[in-house]
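Shown next: structure_17.txt, given as compact mmCIF, C-alpha atoms.
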# COMPACT_ATOMS: atom_id res chain seq x y z
CA MET A 1 99.57 87.90 132.21
CA ALA A 2 98.40 87.81 128.57
CA ARG A 3 98.46 91.18 126.86
CA PHE A 4 95.58 90.44 124.56
CA THR A 5 92.09 89.09 124.80
CA VAL A 6 91.34 86.89 121.81
CA ILE A 7 88.02 88.09 120.40
CA ALA A 8 87.83 85.98 117.25
CA GLN A 9 89.96 83.30 115.70
CA ALA A 10 89.19 82.13 112.21
CA GLU A 11 90.07 78.45 112.63
CA HIS A 12 87.74 78.21 115.63
CA HIS A 13 85.02 80.19 113.96
CA ALA A 14 81.60 78.58 113.82
CA PRO A 15 80.20 78.85 110.27
CA HIS A 16 76.72 79.87 111.42
CA LEU A 17 78.04 82.96 113.22
CA ALA A 18 78.76 86.30 111.57
CA HIS A 19 82.33 86.48 110.30
CA PRO A 20 84.48 89.00 112.26
CA CYS A 21 85.24 90.86 108.99
CA ASP A 22 81.56 91.22 108.11
CA THR A 23 81.06 93.74 110.87
CA CYS A 24 84.46 95.44 110.59
CA ALA A 25 84.07 99.21 110.44
CA ALA A 26 87.65 99.61 109.15
CA ARG A 27 87.29 97.20 106.25
CA ASP A 28 86.29 99.72 103.56
CA TYR A 29 89.43 101.81 103.96
CA SER A 30 91.84 99.13 105.06
CA SER A 31 94.09 97.04 102.84
CA CYS A 32 91.45 94.29 102.82
CA ALA A 33 89.03 96.44 100.80
CA PRO A 34 89.96 95.28 97.27
CA LEU A 35 89.94 91.58 98.13
CA HIS A 36 87.39 89.16 96.75
CA ALA A 37 85.48 86.96 99.19
CA ASP A 38 87.77 83.96 98.67
CA GLU A 39 90.89 86.11 99.13
CA GLN A 40 89.33 87.67 102.22
CA ASN A 41 88.69 84.19 103.58
CA ARG A 42 92.32 83.22 103.06
CA LEU A 43 93.46 86.33 104.87
CA THR A 44 91.12 85.79 107.77
CA SER A 45 92.14 82.14 108.02
CA ILE A 46 95.52 83.26 109.40
CA MET A 47 94.14 86.09 111.53
CA GLN A 48 93.05 86.55 115.11
CA VAL A 49 91.06 89.53 116.34
CA VAL A 50 92.51 90.55 119.69
CA GLY A 51 91.50 93.21 122.17
CA ILE A 52 93.75 95.31 124.37
CA SER A 53 93.00 97.81 127.13
CA PRO A 54 94.09 101.46 127.11
CA HIS A 55 97.74 102.07 128.03
CA GLN A 56 98.65 98.41 127.53
CA VAL A 57 101.70 97.59 125.45
CA ILE A 58 101.05 95.86 122.11
CA PHE A 59 104.74 95.16 121.58
CA ASP A 60 108.00 96.47 122.92
CA GLU A 61 110.95 97.79 120.95
CA ALA A 62 113.52 95.02 120.34
CA GLU A 63 110.94 92.26 120.91
CA PRO A 64 110.97 89.59 118.13
CA ALA A 65 108.81 90.95 115.30
CA ASP A 66 106.62 87.86 114.93
CA HIS A 67 103.30 89.57 114.16
CA VAL A 68 101.84 92.27 111.95
CA PHE A 69 98.78 94.13 113.24
CA ASN A 70 95.97 96.06 111.63
CA VAL A 71 93.98 98.46 113.83
CA LYS A 72 90.32 97.44 113.68
CA GLU A 73 88.98 99.76 116.35
CA GLY A 74 90.58 102.29 118.69
CA SER A 75 93.92 104.08 118.45
CA VAL A 76 97.58 103.34 119.05
CA LYS A 77 100.72 105.36 119.71
CA ILE A 78 104.16 104.23 118.57
CA PHE A 79 107.32 105.40 120.24
CA LYS A 80 111.05 104.85 120.50
CA LEU A 81 113.18 104.91 123.62
CA LEU A 82 116.08 107.31 123.30
CA ALA A 83 119.58 106.56 124.55
CA ASP A 84 119.05 108.83 127.56
CA GLY A 85 115.94 106.87 128.59
CA ARG A 86 113.45 109.43 127.33
CA ARG A 87 110.59 108.40 125.08
CA GLN A 88 109.90 109.90 121.65
CA ILE A 89 106.44 109.35 120.18
CA THR A 90 106.85 108.86 116.43
CA GLY A 91 103.26 108.39 115.36
CA PHE A 92 99.61 107.68 116.04
CA LEU A 93 97.69 104.96 114.22
CA PHE A 94 93.95 104.58 113.72
CA PRO A 95 91.46 102.03 112.30
CA GLY A 96 92.68 100.67 108.98
CA ASP A 97 96.34 101.42 109.77
CA PHE A 98 99.03 98.75 109.90
CA LEU A 99 101.76 98.36 112.44
CA GLY A 100 104.70 96.01 112.44
CA LEU A 101 104.85 96.22 108.65
CA THR A 102 108.52 97.14 108.46
CA HIS A 103 110.32 93.90 108.86
CA ASN A 104 113.42 93.50 110.91
CA ASP A 105 114.07 90.62 113.24
CA SER A 106 112.79 92.75 116.07
CA TYR A 107 110.34 95.65 116.31
CA ALA A 108 112.09 98.98 115.84
CA TYR A 109 109.71 100.79 118.19
CA SER A 110 107.12 100.14 120.89
CA ALA A 111 103.35 100.33 120.42
CA GLU A 112 100.73 101.06 123.06
CA ALA A 113 96.93 101.29 122.93
CA LEU A 114 95.55 104.76 123.64
CA THR A 115 91.94 103.65 123.95
CA PRO A 116 90.17 100.27 124.11
CA THR A 117 91.54 98.80 120.91
CA GLN A 118 90.86 95.81 118.69
CA LEU A 119 93.56 94.57 116.35
CA CYS A 120 93.69 92.00 113.57
CA ARG A 121 96.85 90.02 114.34
CA PHE A 122 98.69 88.13 111.59
CA PRO A 123 101.70 85.82 112.02
CA ARG A 124 104.36 87.56 109.91
CA ARG A 125 105.63 84.51 108.03
CA LYS A 126 102.13 83.36 107.10
CA LEU A 127 101.18 86.87 105.98
CA GLU A 128 104.30 87.20 103.83
CA ALA A 129 103.57 83.84 102.18
CA LEU A 130 100.00 84.93 101.51
CA LEU A 131 101.10 88.28 100.05
CA ASP A 132 103.11 86.40 97.45
CA GLU A 133 99.84 84.84 96.33
CA LEU A 134 97.66 87.95 96.67
CA PRO A 135 99.41 90.71 94.70
CA LYS A 136 96.40 93.01 95.05
CA LEU A 137 96.83 93.02 98.79
CA GLU A 138 100.56 93.68 98.51
CA GLN A 139 99.92 96.58 96.12
CA ARG A 140 97.36 98.04 98.44
CA LEU A 141 99.73 97.78 101.40
CA LEU A 142 102.45 99.56 99.45
CA ASN A 143 100.16 102.38 98.44
CA MET A 144 98.50 102.83 101.79
CA ALA A 145 99.11 106.13 103.47
CA SER A 146 98.72 104.62 106.86
CA HIS A 147 101.41 102.56 108.47
CA GLU A 148 104.28 103.24 110.80
CA LEU A 149 106.64 104.52 108.09
CA ALA A 150 104.06 106.99 106.84
CA ALA A 151 103.29 108.12 110.40
CA ALA A 152 107.00 108.70 111.03
CA GLN A 153 107.28 110.72 107.80
CA ASP A 154 104.29 112.83 108.85
CA GLN A 155 106.07 113.57 112.09
CA MET A 156 109.27 114.61 110.33
CA MET A 157 107.26 117.02 108.20
CA LEU A 158 105.57 118.43 111.31
CA LEU A 159 108.85 118.88 113.14
CA GLY A 160 110.11 120.77 110.11
CA ARG A 161 107.52 123.47 110.84
CA LYS A 162 109.18 126.31 112.66
CA SER A 163 106.77 127.69 115.24
CA ALA A 164 104.75 125.90 117.91
CA ARG A 165 101.61 127.38 116.36
CA GLU A 166 102.44 125.93 112.94
CA ARG A 167 103.19 122.53 114.46
CA VAL A 168 100.01 122.34 116.53
CA VAL A 169 97.80 123.50 113.65
CA SER A 170 99.51 121.10 111.23
CA PHE A 171 98.90 118.29 113.72
CA LEU A 172 95.17 119.11 113.95
CA LEU A 173 94.93 119.13 110.14
CA LEU A 174 96.85 115.86 109.97
CA LEU A 175 94.29 114.25 112.30
CA SER A 176 91.48 115.75 110.23
CA ASN A 177 92.93 114.32 107.02
CA ALA A 178 93.45 110.92 108.66
CA SER A 179 89.84 110.98 109.80
CA ILE A 180 88.63 111.77 106.25
CA ARG A 181 90.84 108.99 104.88
CA HIS A 182 89.16 106.69 107.36
CA GLY A 183 85.69 107.50 106.12
CA GLN A 184 84.74 110.14 108.67
CA SER A 185 83.91 113.82 108.23
CA GLY A 186 87.26 115.19 109.40
CA ASN A 187 85.58 117.84 111.52
CA PRO A 188 85.27 117.79 114.48
CA ILE A 189 88.38 115.78 115.18
CA VAL A 190 88.85 113.35 118.03
CA LEU A 191 92.06 113.47 120.05
CA PRO A 192 92.43 110.13 121.83
CA MET A 193 95.92 111.06 122.98
CA SER A 194 96.85 113.18 126.00
CA ARG A 195 98.28 116.70 125.73
CA ALA A 196 101.56 115.19 126.96
CA ASP A 197 101.56 112.73 124.05
CA ILE A 198 100.87 115.56 121.59
CA ALA A 199 103.69 117.60 123.11
CA ASP A 200 106.08 114.65 122.93
CA TYR A 201 105.15 113.98 119.30
CA LEU A 202 105.53 117.62 118.28
CA GLY A 203 108.74 118.23 120.24
CA LEU A 204 107.03 120.88 122.41
CA THR A 205 106.23 121.20 126.09
CA VAL A 206 102.76 120.37 127.41
CA GLU A 207 102.37 124.01 128.45
CA THR A 208 103.13 125.21 124.93
CA VAL A 209 100.59 122.82 123.42
CA SER A 210 97.90 123.88 125.90
CA ARG A 211 98.71 127.59 125.47
CA THR A 212 98.63 127.29 121.67
CA LEU A 213 95.26 125.53 121.71
CA THR A 214 93.91 128.23 124.06
CA GLN A 215 95.16 130.97 121.69
CA LEU A 216 93.59 129.27 118.67
CA ARG A 217 90.32 129.04 120.57
CA ALA A 218 90.50 132.70 121.67
CA GLN A 219 90.99 133.69 118.01
CA GLY A 220 87.88 131.76 117.02
CA LEU A 221 89.83 129.33 114.84
CA ILE A 222 88.95 126.20 116.82
CA LYS A 223 86.38 125.21 119.41
CA LEU A 224 87.24 122.78 122.22
CA LEU A 225 84.11 120.66 122.40
CA ASP A 226 85.49 118.63 125.29
CA ASP A 227 88.87 117.30 126.41
CA LYS A 228 89.00 114.88 123.46
CA GLN A 229 87.20 116.70 120.63
CA ILE A 230 88.07 119.83 118.69
CA SER A 231 85.99 121.56 116.03
CA LEU A 232 87.93 123.31 113.26
CA VAL A 233 85.94 126.55 112.95
CA LYS A 234 88.00 128.19 110.18
CA PRO A 235 89.73 125.36 108.32
CA GLN A 236 91.08 127.58 105.52
CA THR A 237 92.72 129.99 107.94
CA LEU A 238 94.19 127.02 109.79
CA GLN A 239 95.53 125.67 106.49
CA GLY A 240 97.23 129.01 105.91
CA ILE A 241 98.84 128.94 109.37
CA ALA A 242 100.07 125.39 108.80
CA THR A 243 101.83 126.38 105.60
CA GLY A 244 103.42 129.42 107.22
CA TYR A 245 101.22 132.20 105.80
CA MET B 1 101.26 98.81 90.23
CA GLU B 2 104.64 100.34 89.53
CA ASP B 3 102.83 103.06 87.63
CA GLN B 4 101.35 104.13 90.95
CA LEU B 5 104.84 104.71 92.31
CA ILE B 6 106.40 107.99 91.31
CA SER B 7 110.08 108.88 91.07
CA ARG B 8 110.92 112.41 92.14
CA ILE B 9 114.16 114.33 92.51
CA PHE B 10 114.63 115.40 96.12
CA ASP B 11 113.96 118.94 97.17
CA ARG B 12 114.97 120.39 100.52
CA ALA B 13 111.68 119.54 102.24
CA MET B 14 112.02 115.86 101.36
CA ILE B 15 115.32 115.37 103.16
CA GLU B 16 113.82 115.26 106.63
CA GLN B 17 110.76 113.37 105.42
CA ALA B 18 113.03 110.60 104.16
CA TYR B 19 114.83 110.15 107.48
CA PRO B 20 112.54 107.37 108.83
CA ILE B 21 113.24 105.36 105.65
CA VAL B 22 116.99 105.83 106.00
CA ARG B 23 116.77 104.80 109.65
CA THR B 24 115.12 101.48 108.76
CA LEU B 25 118.33 100.38 107.04
CA ALA B 26 120.81 102.22 109.21
CA PRO B 27 119.32 102.71 112.68
CA GLY B 28 122.52 104.32 113.95
CA ILE B 29 122.42 107.27 111.54
CA THR B 30 121.33 110.47 113.25
CA LEU B 31 119.09 113.02 111.57
CA GLU B 32 121.99 115.49 111.59
CA ARG B 33 124.26 113.02 109.78
CA TRP B 34 121.58 112.27 107.18
CA VAL B 35 120.90 115.98 106.56
CA GLN B 36 124.66 116.63 106.32
CA PHE B 37 124.93 113.82 103.75
CA ALA B 38 121.84 114.74 101.72
CA ARG B 39 121.99 118.54 101.49
CA PRO B 40 125.03 118.86 99.20
CA ARG B 41 123.57 116.17 96.95
CA ILE B 42 120.34 118.00 96.15
CA THR B 43 122.15 120.81 94.39
CA SER B 44 124.08 119.92 91.27
CA ARG B 45 127.37 121.76 90.98
CA SER B 46 127.55 121.14 87.26
CA SER B 47 124.85 120.93 84.62
CA GLU B 48 127.16 118.77 82.49
CA TRP B 49 127.80 116.27 85.28
CA PRO B 50 124.58 116.30 87.29
CA ARG B 51 124.06 114.53 90.59
CA GLY B 52 121.20 114.26 93.02
CA LEU B 53 118.96 112.19 95.24
CA MET B 54 115.89 110.47 93.85
CA ALA B 55 112.87 109.33 95.88
CA ILE B 56 110.29 106.69 95.03
CA GLN B 57 106.95 107.84 96.40
CA ASN B 58 103.52 106.24 96.54
CA ALA B 59 100.40 108.05 95.38
CA SER B 60 100.03 109.67 98.81
CA GLY B 61 103.50 111.21 98.62
CA TYR B 62 105.14 108.93 101.18
CA ILE B 63 108.71 107.94 100.38
CA LEU B 64 109.20 104.18 99.98
CA GLY B 65 112.73 104.15 98.60
CA LEU B 66 115.59 106.37 97.54
CA PHE B 67 119.00 106.43 95.87
CA SER B 68 121.74 108.88 95.00
CA PHE B 69 123.06 109.33 91.47
CA LYS B 70 125.91 111.04 89.71
CA VAL B 71 126.80 111.29 86.03
CA ARG B 72 130.47 110.41 85.65
CA ASP B 73 133.11 110.43 82.99
CA ASP B 74 134.21 106.86 82.30
CA LEU B 75 137.15 105.70 80.22
CA HIS B 76 135.32 102.72 78.74
CA GLU B 77 131.76 103.97 78.53
CA SER B 78 132.32 107.69 78.06
CA ARG B 79 129.45 108.77 80.30
CA ILE B 80 127.93 106.55 82.97
CA LEU B 81 125.27 106.97 85.61
CA ALA B 82 126.65 105.95 88.99
CA VAL B 83 123.89 104.90 91.37
CA SER B 84 124.56 104.38 95.07
CA ASN B 85 123.02 104.57 98.54
CA ILE B 86 120.02 102.52 97.46
CA VAL B 87 117.56 102.42 100.35
CA VAL B 88 114.50 100.18 100.24
CA PRO B 89 112.92 99.30 103.59
CA ASP B 90 111.95 95.71 104.18
CA ILE B 91 108.23 96.08 103.55
CA PRO B 92 105.76 94.03 101.52
CA GLY B 93 106.24 95.02 97.87
CA ARG B 94 109.87 96.04 98.28
CA ASP B 95 110.75 94.34 94.96
CA GLN B 96 108.31 96.72 93.25
CA VAL B 97 110.02 99.67 94.91
CA GLY B 98 113.34 98.20 93.74
CA ARG B 99 112.07 97.95 90.17
CA SER B 100 110.87 101.56 90.30
CA ILE B 101 114.36 102.61 91.42
CA LEU B 102 115.92 100.81 88.47
CA LYS B 103 113.34 102.27 86.07
CA ALA B 104 114.09 105.77 87.38
CA SER B 105 117.82 105.08 86.92
CA ASP B 106 117.20 104.05 83.30
CA HIS B 107 115.33 107.29 82.72
CA LEU B 108 118.05 109.42 84.32
CA ALA B 109 120.73 107.65 82.28
CA MET B 110 118.75 108.22 79.10
CA ILE B 111 118.11 111.95 79.63
CA HIS B 112 121.74 112.54 80.59
CA GLY B 113 123.14 110.66 77.61
CA CYS B 114 124.80 107.88 79.60
CA ARG B 115 125.92 104.66 77.93
CA ALA B 116 125.70 102.51 81.04
CA ILE B 117 124.62 102.38 84.67
CA ARG B 118 126.86 101.23 87.47
CA ALA B 119 125.02 100.59 90.73
CA GLU B 120 126.92 100.35 93.96
CA LEU B 121 125.21 98.09 96.45
CA ASN B 122 125.38 98.50 100.18
CA ASN B 123 126.67 94.96 100.63
CA GLU B 124 128.04 92.24 98.47
CA ILE B 125 125.13 90.11 97.34
CA ASP B 126 125.33 86.59 98.65
CA PRO B 127 122.78 84.40 96.83
CA SER B 128 122.32 82.30 99.96
CA ASP B 129 121.21 85.34 101.95
CA CYS B 130 117.42 85.34 101.58
CA ASP B 131 117.07 88.94 102.70
CA ARG B 132 119.28 90.12 99.83
CA THR B 133 118.16 87.68 97.14
CA TRP B 134 115.18 89.84 96.19
CA LEU B 135 117.56 92.64 95.19
CA SER B 136 119.78 90.42 93.05
CA ALA B 137 116.68 88.93 91.38
CA THR B 138 115.31 92.41 90.69
CA LEU B 139 118.63 93.65 89.29
CA ILE B 140 119.04 90.61 87.03
CA SER B 141 115.44 90.87 85.78
CA CYS B 142 116.15 94.49 84.85
CA GLY B 143 119.21 93.58 82.78
CA TYR B 144 122.08 94.07 85.23
CA SER B 145 125.05 91.80 85.63
CA LEU B 146 126.25 91.38 89.20
CA GLY B 147 129.73 91.22 90.62
CA GLY B 148 130.55 91.57 94.29
CA ALA B 149 128.94 94.69 95.64
CA ARG B 150 128.34 96.17 92.18
CA ALA B 151 125.81 95.82 89.40
CA PHE B 152 126.35 96.94 85.84
CA LYS B 153 124.07 97.47 82.89
CA ARG B 154 124.95 98.71 79.41
CA LEU B 155 122.07 100.63 77.86
CA PRO B 156 120.66 99.90 74.41
CA GLY B 157 122.98 101.47 71.85
CA GLY B 158 125.56 102.03 74.56
CA LEU B 159 128.55 100.16 73.18
CA PRO B 160 131.93 100.69 74.82
CA ALA B 161 133.67 103.80 73.51
CA THR B 162 136.45 103.20 70.98
CA HIS B 163 139.62 105.15 71.51
Final structure tokens representation of the file:
Amino acid sequence: MARFTVIAQAEHHAPHLAHPCDTCAARDYSSCAPLHADEQNRLTSIMQVVGISPHQVIFDEAEPADHVFNVKEGSVKIFKLLADGRRQITGFLFPGDFLGLTHNDSYAYSAEALTPTQLCRFPRRKLEALLDELPKLEQRLLNMASHELAAAQDQMMLLGRKSARERVVSFLLLLSNASIRHGQSGNPIVLPMSRADIADYLGLTVETVSRTLTQLRAQGLIKLLDDKQISLVKPQTLQGIATGY
Amino acid sequence: MEDQLISRIFDRAMIEQAYPIVRTLAPGITLERWVQFARPRITSRSSEWPRGLMAIQNASGYILGLFSFKVRDDLHESRILAVSNIVVPDIPGRDQVGRSILKASDHLAMIHGCRAIRAELNNEIDPSDCDRTWLSATLISCGYSLGGARAFKRLPGGLPATH
């Protein structure tokens, strides 16, 4: 069964219809932002917009790394399988973020949609050839704070925090910052991932994550709006906790 | 573009942050092994013969490349900067990260009074190997001569010492 539903394909695109990029909510903060119209057209000429359902695999670790993806809508988790068969989540990616950017012959991790997700899919070889001709795009990619290497570095910094409380608070602030970077307010924050995913990512148990969130709520530092949304009531205090004060 | 990349001497907090970059080139290296390797290198034992780890970061503070360095006594050149453990992940723009590494090496060599830079490469550069050609091209464009798994560059005014 095909993993993806093809939503738009540039070479089959009828000129009288709206271009898929024209309505892209991620465009302003994605790597495409600095491109002129003709450069944008060249990029979209090698691109497909594909859709994938929640919990479906985008690619598996060790699969040939033939495509690079940009998250257009939705959210994605990336993870590695450990030698003992356990899974380690190494990052979460959101609209505007790239995945598959690090090039080896095969993907170094697996990626799975957390929510209904749309992705711009680029054949790697064609994208690399185009990047040689579009230095602005290459520069933007290099300076972006949002791809799998950056996500993995964020995680290493979080795991360096000593207490569960520091890790959970740092994670909430990380999501808030990502949301601001992606053109949103940063508060409240949306958590498309499960508590189990958060626990896995932070190297904690689910119980510890849930207990910590409950404590933060009891102290009036956060408000759980629903299962997937948290309001940061005292952001400055939270910042202090994250940095160990 | 390269101006937007920043070179920064490692501090303790950056060691773990850099691990995902290290793992892209050497997937088998554990975090413990990397920390064990990096920690002694972030503290110089001698101010006369400094050593350290240098990171290349983008404007958001993410590490895109790294290398280790050591100022050494050299019979021919008097003082040289030895550069090794160059790590640049295979990402778009890697040649720019490579150039930033070489620029940072030039700066280190200059401030530490070195006459030359000797860079140790992870593998011998084979010009027919496309994945490595970018590095040889970057080194040559920055004034290095290549031989086997080493690259060498004499700095302006850095003539061999006469004995």
For segment 65-78 of chain A, find every residue with an atom within 7 Å (counting only C-alpha atoms), except residues of its own chain fewer than 5 positions away, and show them as a VMD selection string. chain A and resid 24 26 89 to 101 104 to 107 109 to 124
List the spatial neighbours of Ala116 of chain B as a list in words - criterion: any atom at most 6 Å away, all atoms listed in the file, same-chain residues fewer than 3 positions off excluded. Ile80, Lys153, Arg154 and Leu155 of chain B
Interatomic distance (Å, one decimal) between atom CA of Glu16 of chain B and atom CA of Met157 of chain A: 7.0 Å
Find the nearest atom pair between each residue of chain B and chain A for residues within 7 Å, count only C-alpha atoms, give distances in Å to one decimal, sort rows by chain and ascending number, and present the table as JSON lines.
{"residue": "B:Met1", "atom": "CA", "partner": "A:Gln139", "partner_atom": "CA", "distance": 6.4}
{"residue": "B:Glu16", "atom": "CA", "partner": "A:Met156", "partner_atom": "CA", "distance": 5.9}
{"residue": "B:Gln17", "atom": "CA", "partner": "A:Gln153", "partner_atom": "CA", "distance": 5.0}
{"residue": "B:Ala18", "atom": "CA", "partner": "A:Gln153", "partner_atom": "CA", "distance": 6.8}
{"residue": "B:Pro20", "atom": "CA", "partner": "A:Ala152", "partner_atom": "CA", "distance": 6.1}
{"residue": "B:Asn58", "atom": "CA", "partner": "A:Asn143", "partner_atom": "CA", "distance": 5.5}
{"residue": "B:Ala59", "atom": "CA", "partner": "A:Asn143", "partner_atom": "CA", "distance": 6.4}
{"residue": "B:Ser60", "atom": "CA", "partner": "A:Ala145", "partner_atom": "CA", "distance": 5.9}
{"residue": "B:Tyr62", "atom": "CA", "partner": "A:Ala150", "partner_atom": "CA", "distance": 6.1}
{"residue": "B:Pro89", "atom": "CA", "partner": "A:Thr102", "partner_atom": "CA", "distance": 6.9}
{"residue": "B:Asp90", "atom": "CA", "partner": "A:His103", "partner_atom": "CA", "distance": 5.3}
{"residue": "B:Ile91", "atom": "CA", "partner": "A:Thr102", "partner_atom": "CA", "distance": 5.0}
{"residue": "B:Pro92", "atom": "CA", "partner": "A:Glu138", "partner_atom": "CA", "distance": 6.0}
{"residue": "B:Gly93", "atom": "CA", "partner": "A:Glu138", "partner_atom": "CA", "distance": 5.9}
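We find atom CA of Asp60 of chain A and atom CA of Asp84 of chain A to be spaced 17.2 Å apart.
For the pair atom CA of Leu174 of chain A and atom CA of Lys223 of chain A, the interatomic distance is 16.9 Å.
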Give me, as a PyMOL selection string, all polymer residues having an atom no more than 12 Å from Lys234 of chain A, counting all atoms listed in the file and skipping those fewer than 4 positions away in the same chain. chain A and resi 169+173+187-188+216-217+219-223+230+238-241
Segment 31-39 of chain B surroundings by only C-alpha atoms, 10 Å radius, close-in-sequence under 6 positions cut, as a ChimeraX atom specification: /B:10-12,14-16,18-20,22-23,52-53,68
